[in-house]
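*Asks:* What follows is the file target-v9.cif, containing mmCIF, C-alpha atoms:
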data_protein
#
loop_
_atom_site.label_atom_id
_atom_site.label_comp_id
_atom_site.auth_asym_id
_atom_site.auth_seq_id
_atom_site.Cartn_x
_atom_site.Cartn_y
_atom_site.Cartn_z
CA MET J 1 121.11 111.76 91.21
CA ASP J 2 117.86 110.80 92.84
CA SER J 3 114.33 111.49 91.69
CA LYS J 4 113.51 112.95 95.05
CA ASN J 5 115.48 115.04 97.41
CA GLN J 6 117.33 114.68 100.70
CA ASP J 7 114.71 116.45 102.82
CA ILE J 8 111.92 114.38 101.37
CA ASP J 9 113.91 111.15 101.56
CA GLY J 10 114.74 111.92 105.18
CA LEU J 11 111.11 112.50 106.04
CA ILE J 12 110.10 109.24 104.34
CA ALA J 13 112.80 107.34 106.24
CA LEU J 14 111.54 108.73 109.57
CA MET J 15 107.88 108.11 108.77
CA ALA J 16 108.74 104.51 107.88
CA LYS J 17 109.87 104.00 111.49
CA LEU J 18 106.36 104.55 112.84
CA PRO J 19 104.57 101.39 113.96
CA GLY J 20 102.42 99.99 111.16
CA MET J 21 104.27 101.96 108.49
CA GLY J 22 106.68 100.63 105.90
CA PRO J 23 108.63 102.30 103.10
CA ARG J 24 105.66 102.21 100.71
CA SER J 25 103.08 103.59 103.10
CA ALA J 26 105.59 106.19 104.30
CA ARG J 27 106.05 107.41 100.71
CA ARG J 28 102.29 107.59 100.25
CA ALA J 29 101.90 109.46 103.53
CA VAL J 30 104.64 111.95 102.64
CA LEU J 31 103.16 112.67 99.20
CA HIS J 32 99.79 113.18 100.88
CA LEU J 33 101.40 115.53 103.40
CA ILE J 34 103.07 117.57 100.66
CA LYS J 35 99.77 117.87 98.79
CA LYS J 36 98.07 119.04 101.97
CA ARG J 37 100.89 121.24 103.14
CA ALA J 38 98.88 123.99 104.83
CA LEU J 39 96.09 121.75 106.09
CA LEU J 40 98.12 118.86 107.39
CA LEU J 41 101.92 119.01 107.08
CA THR J 42 102.57 122.26 108.94
CA PRO J 43 99.92 121.64 111.65
CA LEU J 44 101.33 118.15 112.16
CA ALA J 45 104.87 119.48 112.58
CA ASP J 46 103.56 122.10 115.03
CA ALA J 47 101.62 119.49 117.00
CA MET J 48 104.71 117.27 117.18
CA PHE J 49 106.81 120.10 118.55
CA ALA J 50 104.13 120.91 121.11
CA VAL J 51 103.95 117.30 122.27
CA ALA J 52 107.74 116.93 122.27
CA ALA J 53 107.96 119.98 124.52
CA THR J 54 105.16 119.16 126.95
CA ALA J 55 104.48 115.43 127.12
CA ARG J 56 105.69 113.70 130.24
CA GLU J 57 105.00 110.62 132.29
CA CYS J 58 102.81 111.06 135.34
CA LEU J 59 105.06 110.45 138.35
CA VAL J 60 102.25 108.66 140.18
CA CYS J 61 100.61 106.36 137.67
CA GLY J 62 102.77 106.42 134.53
CA ASN J 63 100.05 107.86 132.27
CA ILE J 64 101.22 110.37 129.68
CA GLY J 65 100.11 113.95 130.13
CA THR J 66 101.62 117.39 130.35
CA ARG J 67 102.21 117.72 134.08
CA ASP J 68 104.05 115.78 136.76
CA ARG J 69 100.69 114.43 137.91
CA CYS J 70 98.25 113.57 135.14
CA ASP J 71 94.64 114.80 135.00
CA ILE J 72 93.33 111.52 136.38
CA CYS J 73 95.65 111.55 139.40
CA GLU J 74 94.74 115.23 140.01
CA ASP J 75 91.00 114.52 139.84
CA THR J 76 89.91 114.11 143.47
CA ARG J 77 86.58 112.58 142.36
CA ARG J 78 88.55 109.58 141.14
CA SER J 79 89.97 108.84 144.58
CA ASN J 80 87.47 105.99 145.21
CA GLY J 81 89.88 103.40 146.54
CA GLN J 82 90.17 101.55 143.22
CA ILE J 83 93.32 101.19 141.16
CA CYS J 84 93.19 99.63 137.71
CA VAL J 85 96.54 98.11 136.72
CA VAL J 86 97.35 98.09 132.97
CA GLU J 87 100.42 97.16 130.98
CA ASP J 88 100.68 100.20 128.73
CA VAL J 89 99.42 103.74 128.36
CA ALA J 90 97.44 102.61 125.32
CA ASP J 91 95.57 100.18 127.57
CA LEU J 92 94.86 102.97 130.05
CA TRP J 93 93.40 105.10 127.24
CA ALA J 94 91.33 102.16 126.00
CA MET J 95 89.95 101.50 129.51
CA ASP J 96 89.20 105.16 129.99
CA ARG J 97 87.40 105.48 126.64
CA SER J 98 84.92 102.89 127.85
CA GLY J 99 84.08 105.35 130.65
CA VAL J 100 83.02 102.59 133.05
CA PHE J 101 85.93 102.70 135.47
CA LYS J 102 85.85 105.71 137.80
CA GLY J 103 89.00 105.12 139.85
CA ARG J 104 92.66 105.68 139.17
CA TYR J 105 95.17 103.78 137.08
CA HIS J 106 98.64 102.34 137.35
CA VAL J 107 100.70 101.70 134.23
CA LEU J 108 103.25 98.90 134.62
CA GLY J 109 105.13 99.67 131.44
CA GLY J 110 105.01 96.08 130.17
CA SER J 111 104.66 92.60 131.59
CA LEU J 112 107.02 90.24 133.37
CA SER J 113 108.97 88.15 130.90
CA ALA J 114 111.70 85.71 131.84
CA LEU J 115 112.55 85.39 128.15
CA ASP J 116 113.12 89.12 127.66
CA GLY J 117 114.68 89.55 131.10
CA VAL J 118 111.89 91.78 132.41
CA GLY J 119 111.64 91.44 136.20
CA PRO J 120 109.44 93.26 138.74
CA GLU J 121 112.04 96.02 139.14
CA GLU J 122 111.94 96.81 135.42
CA LEU J 123 108.19 97.39 135.70
CA ARG J 124 106.42 99.79 138.02
CA ILE J 125 105.41 96.98 140.39
CA PRO J 126 107.26 98.27 143.51
CA ALA J 127 105.61 101.67 142.92
CA LEU J 128 102.22 99.93 142.75
CA ILE J 129 102.78 98.14 146.08
CA ARG J 130 103.77 101.46 147.64
CA ARG J 131 100.67 103.19 146.28
CA VAL J 132 98.42 100.43 147.61
CA LEU J 133 99.92 100.86 151.07
CA ASP J 134 100.07 104.67 151.06
CA GLU J 135 96.79 105.62 149.39
CA GLU J 136 93.59 104.25 150.88
CA ILE J 137 93.14 101.51 148.33
CA THR J 138 90.45 98.89 148.73
CA GLU J 139 90.53 97.14 145.36
CA VAL J 140 93.23 96.49 142.77
CA ILE J 141 91.75 95.56 139.39
CA LEU J 142 94.24 93.78 137.16
CA ALA J 143 93.42 94.69 133.55
CA LEU J 144 96.39 92.92 132.01
CA ASN J 145 96.51 91.32 128.60
CA ALA J 146 95.19 87.77 128.40
CA THR J 147 98.61 86.53 127.29
CA VAL J 148 100.94 84.18 129.16
CA ASP J 149 103.16 87.10 130.23
CA GLY J 150 100.17 89.21 131.23
CA GLN J 151 98.73 86.43 133.37
CA THR J 152 102.12 85.67 134.95
CA THR J 153 102.35 89.34 135.89
CA ALA J 154 98.83 89.26 137.33
CA HIS J 155 99.66 86.27 139.52
CA TYR J 156 102.88 87.87 140.70
CA ILE J 157 101.10 91.10 141.68
CA ALA J 158 98.29 89.19 143.43
CA GLU J 159 100.92 87.31 145.43
CA GLN J 160 102.71 90.51 146.41
CA LEU J 161 99.46 92.09 147.57
CA GLU J 162 98.28 89.07 149.54
CA GLU J 163 99.07 90.66 152.91
CA ALA J 164 98.09 94.22 152.00
CA GLY J 165 94.45 93.63 152.89
CA VAL J 166 93.03 94.76 149.55
CA SER J 167 90.84 92.75 147.23
CA VAL J 168 92.59 91.90 143.98
CA THR J 169 90.35 91.27 141.00
CA SER J 170 90.88 90.81 137.29
CA LEU J 171 88.81 91.44 134.17
CA ALA J 172 86.32 88.72 133.31
CA GLN J 173 87.23 86.44 130.44
CA GLY J 174 84.60 85.26 127.99
CA VAL J 175 82.93 85.85 124.67
CA PRO J 176 83.45 89.42 123.40
CA ILE J 177 80.27 91.44 122.73
CA GLY J 178 79.31 90.81 119.12
CA GLY J 179 81.69 87.87 118.98
CA GLU J 180 80.75 84.79 116.98
CA LEU J 181 81.55 81.45 118.59
CA ASP J 182 82.80 80.02 115.32
CA TYR J 183 85.57 82.64 115.16
CA LEU J 184 86.71 82.32 118.79
CA ASP J 185 89.73 80.33 119.85
CA ASP J 186 89.32 77.28 122.07
CA GLY J 187 90.85 79.01 125.08
CA THR J 188 88.24 81.76 125.05
CA ILE J 189 85.39 79.30 124.60
CA SER J 190 86.52 77.13 127.51
CA ALA J 191 87.09 80.20 129.72
CA ALA J 192 83.59 81.44 128.88
CA LEU J 193 82.12 78.01 129.59
CA ARG J 194 83.88 77.69 132.95
CA ALA J 195 82.66 81.17 133.96
CA ARG J 196 79.08 80.57 132.75
CA LYS J 197 76.27 82.42 134.50
CA ALA J 198 72.60 81.65 135.19
CA VAL J 199 70.36 83.54 132.75
CA MET I 1 88.38 115.81 132.14
CA ASP I 2 90.15 113.60 129.69
CA SER I 3 92.76 110.94 130.32
CA LYS I 4 95.02 112.58 127.77
CA ASN I 5 95.63 116.15 126.93
CA GLN I 6 94.75 118.62 124.21
CA ASP I 7 98.19 118.65 122.58
CA ILE I 8 98.34 114.88 122.46
CA ASP I 9 94.72 114.55 121.31
CA GLY I 10 95.39 117.09 118.58
CA LEU I 11 98.44 115.20 117.38
CA ILE I 12 96.49 111.92 117.34
CA ALA I 13 93.67 113.57 115.36
CA LEU I 14 96.13 114.86 112.75
CA MET I 15 98.02 111.57 112.50
CA ALA I 16 94.73 109.76 111.94
CA LYS I 17 94.28 111.80 108.74
CA LEU I 18 97.30 110.18 107.11
CA PRO I 19 96.49 107.60 104.44
CA GLY I 20 96.41 104.12 105.93
CA MET I 21 96.05 105.41 109.48
CA GLY I 22 92.97 105.27 111.68
CA PRO I 23 92.31 106.44 115.24
CA ARG I 24 93.80 103.30 116.76
CA SER I 25 97.00 103.23 114.72
CA ALA I 26 97.36 106.99 115.23
CA ARG I 27 97.24 106.50 119.00
CA ARG I 28 99.83 103.73 118.77
CA ALA I 29 102.05 105.89 116.58
CA VAL I 30 101.80 108.87 118.94
CA LEU I 31 102.65 106.77 122.01
CA HIS I 32 105.62 105.38 120.10
CA LEU I 33 106.67 108.93 119.16
CA ILE I 34 106.46 110.10 122.77
CA LYS I 35 108.54 107.15 123.92
CA LYS I 36 111.15 107.94 121.26
CA ARG I 37 111.04 111.67 121.69
CA ALA I 38 114.66 112.51 120.96
CA LEU I 39 115.19 109.79 118.38
CA LEU I 40 112.01 110.15 116.39
CA LEU I 41 109.50 112.80 117.46
CA THR I 42 111.72 115.88 117.27
CA PRO I 43 113.59 114.77 114.11
CA LEU I 44 110.25 114.02 112.46
CA ALA I 45 108.87 117.46 113.31
CA ASP I 46 112.08 119.05 112.00
CA ALA I 47 111.91 117.01 108.79
CA MET I 48 108.30 118.03 108.28
CA PHE I 49 109.14 121.69 108.65
CA ALA I 50 112.02 121.32 106.21
CA VAL I 51 109.80 119.65 103.63
CA ALA I 52 106.97 122.13 104.20
CA ALA I 53 109.40 124.95 103.53
CA THR I 54 111.18 123.54 100.49
CA ALA I 55 109.02 121.00 98.64
CA ARG I 56 107.58 122.22 95.38
CA GLU I 57 106.23 120.84 92.15
CA CYS I 58 108.61 120.82 89.19
CA LEU I 59 107.22 123.33 86.70
CA VAL I 60 108.21 121.09 83.79
CA CYS I 61 107.19 117.56 84.74
CA GLY I 62 105.16 117.81 87.97
CA ASN I 63 107.62 115.76 90.06
CA ILE I 64 108.12 116.92 93.63
CA GLY I 65 111.52 118.35 94.52
CA THR I 66 112.96 121.46 96.05
CA ARG I 67 113.51 123.63 92.99
CA ASP I 68 111.37 124.96 90.15
CA ARG I 69 112.92 122.30 87.93
CA CYS I 70 113.43 118.91 89.54
CA ASP I 71 116.72 117.00 89.51
CA ILE I 72 115.54 114.78 86.66
CA CYS I 73 114.57 117.70 84.42
CA GLU I 74 117.89 119.39 85.26
CA ASP I 75 119.90 116.28 84.41
CA THR I 76 121.04 116.78 80.81
CA ARG I 77 122.00 113.10 80.51
CA ARG I 78 118.30 112.28 80.70
CA SER I 79 117.47 114.30 77.61
CA ASN I 80 117.26 111.19 75.42
CA GLY I 81 114.04 111.98 73.57
CA GLN I 82 111.90 109.77 75.80
CA ILE I 83 109.11 110.93 78.07
CA CYS I 84 107.44 108.50 80.45
CA VAL I 85 103.90 109.61 81.35
CA VAL I 86 102.62 108.62 84.81
CA GLU I 87 99.50 109.46 86.77
CA ASP I 88 101.06 110.41 90.09
CA VAL I 89 104.37 111.35 91.66
CA ALA I 90 104.31 108.02 93.52
CA ASP I 91 104.27 106.26 90.13
CA LEU I 92 107.23 108.36 88.97
CA TRP I 93 109.19 107.37 92.08
CA ALA I 94 108.25 103.71 91.54
CA MET I 95 109.38 103.83 87.88
CA ASP I 96 112.58 105.56 88.87
CA ARG I 97 113.39 103.07 91.61
CA SER I 98 113.46 100.33 88.99
CA GLY I 99 116.32 102.27 87.39
CA VAL I 100 115.53 101.00 83.90
CA PHE I 101 114.10 104.14 82.36
CA LYS I 102 116.74 106.75 81.54
CA GLY I 103 114.59 109.53 80.08
CA ARG I 104 112.36 112.19 81.60
CA TYR I 105 108.92 112.00 83.14
CA HIS I 106 105.61 113.77 82.94
CA VAL I 107 103.17 113.56 85.85
CA LEU I 108 99.53 113.98 84.80
CA GLY I 109 98.18 114.41 88.32
CA GLY I 110 95.48 111.77 87.91
CA SER I 111 93.51 110.15 85.12
CA LEU I 112 90.57 111.24 82.98
CA SER I 113 87.30 110.41 84.67
CA ALA I 114 83.90 111.39 83.32
CA LEU I 115 82.38 110.29 86.62
CA ASP I 116 84.57 112.58 88.74
CA GLY I 117 84.46 115.37 86.15
CA VAL I 118 88.19 115.18 85.43
CA GLY I 119 88.85 116.39 81.86
CA PRO I 120 92.12 116.93 79.95
CA GLU I 121 92.39 120.50 81.25
CA GLU I 122 92.31 119.31 84.87
CA LEU I 123 95.30 117.08 84.15
CA ARG I 124 98.66 118.16 82.76
CA ILE I 125 97.81 116.82 79.29
CA PRO I 126 98.07 120.16 77.42
CA ALA I 127 101.48 120.67 79.04
CA LEU I 128 102.50 117.22 77.83
CA ILE I 129 101.49 118.00 74.24
CA ARG I 130 103.46 121.24 74.42
CA ARG I 131 106.54 119.43 75.76
CA VAL I 132 106.35 116.83 72.99
CA LEU I 133 106.29 119.59 70.38
CA ASP I 134 108.90 121.86 72.04
CA GLU I 135 111.48 119.36 73.29
CA GLU I 136 112.95 116.92 70.80
CA ILE I 137 110.82 113.99 71.82
CA THR I 138 110.85 110.76 69.85
CA GLU I 139 108.91 108.43 72.12
CA VAL I 140 106.15 108.89 74.66
CA ILE I 141 105.84 105.89 77.00
CA LEU I 142 102.46 105.72 78.69
CA ALA I 143 102.98 104.13 82.13
CA LEU I 144 99.42 104.63 83.32
CA ASN I 145 97.55 102.38 85.69
CA ALA I 146 95.87 99.35 84.13
CA THR I 147 92.45 100.62 85.23
CA VAL I 148 89.56 101.75 83.04
CA ASP I 149 90.34 105.42 83.73
CA GLY I 150 94.05 104.89 83.17
CA GLN I 151 93.47 103.19 79.83
CA THR I 152 90.93 105.84 78.73
CA THR I 153 93.58 108.46 79.49
CA ALA I 154 96.19 106.49 77.53
CA HIS I 155 93.91 106.33 74.47
CA TYR I 156 93.10 110.02 74.70
CA ILE I 157 96.79 110.99 74.85
CA ALA I 158 97.67 108.64 71.99
CA GLU I 159 94.95 110.30 69.91
CA GLN I 160 96.18 113.78 70.72
CA LEU I 161 99.72 112.86 69.74
CA GLU I 162 98.74 111.15 66.48
CA GLU I 163 99.99 114.00 64.32
CA ALA I 164 102.98 114.96 66.43
CA GLY I 165 105.22 112.39 64.71
CA VAL I 166 106.33 110.60 67.88
CA SER I 167 105.95 106.95 68.69
CA VAL I 168 103.53 106.35 71.54
CA THR I 169 104.03 103.13 73.52
CA SER I 170 102.64 101.71 76.71
CA LEU I 171 103.88 99.28 79.36
CA ALA I 172 103.45 95.61 78.54
CA GLN I 173 100.66 93.79 80.31
CA GLY I 174 101.11 90.23 81.53
CA VAL I 175 101.99 88.02 84.44
CA PRO I 176 103.97 89.89 87.13
CA ILE I 177 107.42 88.47 87.97
CA GLY I 178 106.93 85.94 90.75
CA GLY I 179 103.18 85.95 90.11
CA GLU I 180 101.23 82.71 90.46
CA LEU I 181 98.62 82.04 87.80
CA ASP I 182 96.12 80.79 90.35
CA TYR I 183 96.10 84.19 92.07
CA LEU I 184 95.80 86.30 88.92
CA ASP I 185 92.53 87.78 87.71
CA ASP I 186 91.05 86.65 84.38
CA GLY I 187 91.83 89.96 82.69
CA THR I 188 95.56 89.65 83.38
CA ILE I 189 95.64 86.03 82.25
CA SER I 190 93.89 86.79 78.95
CA ALA I 191 96.10 89.84 78.36
CA ALA I 192 99.19 87.70 78.99
CA LEU I 193 97.87 84.99 76.67
CA ARG I 194 97.11 87.44 73.85
CA ALA I 195 100.60 88.95 74.15
CA ARG I 196 102.34 85.56 74.35
CA LYS I 197 105.90 85.32 73.04
CA ALA I 198 107.94 82.56 71.46
CA VAL I 199 110.33 81.01 74.00
#
Could you write out this structure as structure tokens?
*Replies:*
Amino acid sequence: MDSKNQDIDGLIALMAKLPGMGPRSARRAVLHLIKKRALLLTPLADAMFAVAATARECLVCGNIGTRDRCDICEDTRRSNGQICVVEDVADLWAMDRSGVFKGRYHVLGGSLSALDGVGPEELRIPALIRRVLDEEITEVILALNATVDGQTTAHYIAEQLEEAGVSVTSLAQGVPIGGELDYLDDGTISAALRARKAV
Amino acid sequence: MDSKNQDIDGLIALMAKLPGMGPRSARRAVLHLIKKRALLLTPLADAMFAVAATARECLVCGNIGTRDRCDICEDTRRSNGQICVVEDVADLWAMDRSGVFKGRYHVLGGSLSALDGVGPEELRIPALIRRVLDEEITEVILALNATVDGQTTAHYIAEQLEEAGVSVTSLAQGVPIGGELDYLDDGTISAALRARKAV
């Protein structure tokens, strides 16, 4: 006989599958949820059902929203000829929180990886090429992760777009705002040095 | 217009209220949930509803289960005259996972704290005294946290039980199994030294 109960054990087991959670933090979270049943547990279950019922991938850009075309793709003011290419939806949200980019997005769904067997067809690269040709795109901004796979992907996309007559740019690399030199890796420091600007 | 959607934003806001979660990890978790809709999101919402509907505090010991008396209090084999007193349900689960203690538990619901205005009446201390007198208890094991508040609470309970004719014990303090001396605080080392045993 267990000290808990099947329902509760089941909930803990599921919570432990969330990224960043383990068995201990899942137990803590579940106890917290039970204490705050009306304020947190029931609303959370409701919100999960709502999202499970409505969330879908935007057919154009791969963002997650509630319609076949997400709010950004529907927003005609964002049709400025720029497409920002990101690896994941989380990256799209991060870019959009900054509020600086006013164009549209394209989510690849990962990065090319020979090791993991991820080729261009596994990502949304063909869809990107099609969008660049169909929509009146003037600039493709590659906002991919500064990892080996991310940079491989960036080079591959730049190559594919060579004859499409659009400018292909990528995010600047350098010292992060608020970053202390002493804590930066050598790669970042040398990238920042190579890309130095006149003051 | 937002890049996400109200349902999804609402779910992220609720997830961020879980202990150990922040806005960033909540976003990651929600994206993961949406990706694993059938495998994780819907089952999790179902499990939450089940727990919200059934979870309740055991009227005897304060453990969380699905009936008015929890499985441990119902288990007659555990009526061995021992009560283990813990601060929280998480502590009860931790004790019970070890599988060493075969008696019953009593959850205080916190520890005495003059600073936070937590007195004996706010905790389940009167209920503990009553149980000790009513049930045939021979030993009360205080498994409270080794913090100032935890130890204050232990002393207070020991005092209250002085005339009840039960033996009151507490967990041993010392070096944790696998613990390295160099990483232990001075208090633990001196406690372990004072309680040293012949080999």
*Asks:* Give me the residues near range 43-52 of chain J as a PyMOL selection string, where near means some atom within 6 Å (using only C-alpha atoms) and where sequence neighbours in that chain fewer than 4 positions away do not count.
*Replies:* chain I and resi 7+11+45+48
*Asks:* Those selected residues, please, written with C-alpha atoms and delivered as a PDB file, keeping the file's coordinate frame.
*Replies:*
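Saved the output as result_7.pdb:
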ATOM      1  CA  ASP I   7      98.190 118.650 122.580  1.00  0.00           C
ATOM      2  CA  LEU I  11      98.440 115.200 117.380  1.00  0.00           C
ATOM      3  CA  ALA I  45     108.870 117.460 113.310  1.00  0.00           C
ATOM      4  CA  MET I  48     108.300 118.030 108.280  1.00  0.00           C
TER       5      MET I  48
END
*Asks:* Pick out the closest residue to Gly119 in chain J from this set: J:His106, J:Thr152, J:Ser98, J:Asp185. Count all atoms listed in the file.
*Replies:*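 Nearest to Gly119 in chain J: J:Thr152.
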*Asks:* Within 9 Å of range 23-29 of chain I, counting all atoms listed in the file, which residues qualify if same-chain residues fewer than 3 places away don't, as a PyMOL selection string?
*Replies:* (chain J and resi 18-20+90) or (chain I and resi 9+11-18+20+32-34)
*Asks:* Which residues match the PyMOL selection byres ((chain J and resi 165) around 12) in the file above, as a PyMOL selection string?
*Replies:* chain J and resi 129+132-133+136-140+158-164+166-168
*Asks:* Rank I:Gly62, I:Gly10, I:Pro126, I:Gly117 by their smallest atom-to-atom distance to Tyr105 in chain I, using only C-alpha atoms, and report the top residue only.
*Replies:*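 Selected residue with least distance to Tyr105 in chain I: I:Gly62.
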*Asks:* Between CA of Gly178 in chain J and CA of Ile141 in chain J, measure the distance and give it in Å to one decimal.
*Replies:*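 It comes out at 24.3 Å.
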*Asks:* Name every residue that the PyMOL selection byres ((chain I and resi 65) around 12) selects in this structure, writing the answer as a PyMOL selection string with chains first and numbers rising.
*Replies:* (chain J and resi 2-9+31+34) or (chain I and resi 51-64+66-74+89+93)
*Asks:* Given the file above and the PyMOL selection byres ((chain I and resi 144) around 12), which residues are selected, and can you give them as JSON, numbers by chain?
*Replies:* {"I": [84, 85, 86, 87, 88, 89, 90, 91, 92, 95, 106, 107, 108, 109, 110, 111, 112, 140, 141, 142, 143, 145, 146, 147, 148, 149, 150, 151, 152, 153, 154, 155, 156, 157, 169, 170, 171, 172, 173]}
*Asks:* Take CA of Lys102 in chain I and CA of Asp134 in chain I and report the distance between them in Å, one decimal.
*Replies:* 19.5 Å
*Asks:* Give me the residues within 7 Å of Ser79 in chain J as a PyMOL selection string, counting all atoms listed in the file and dropping any in the same chain fewer than 3 places off.
*Replies:* chain J and resi 76+103-104
*Asks:* Give the answer as one residue: which of J:Gly174, J:Gly99, J:Gly187, J:Gly179 has the shortest atom-to-atom distance to chain I, using all atoms listed in the file?
*Replies:*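 When distances to chain I are compared using all atoms listed in the file, the smallest one comes from J:Gly99.
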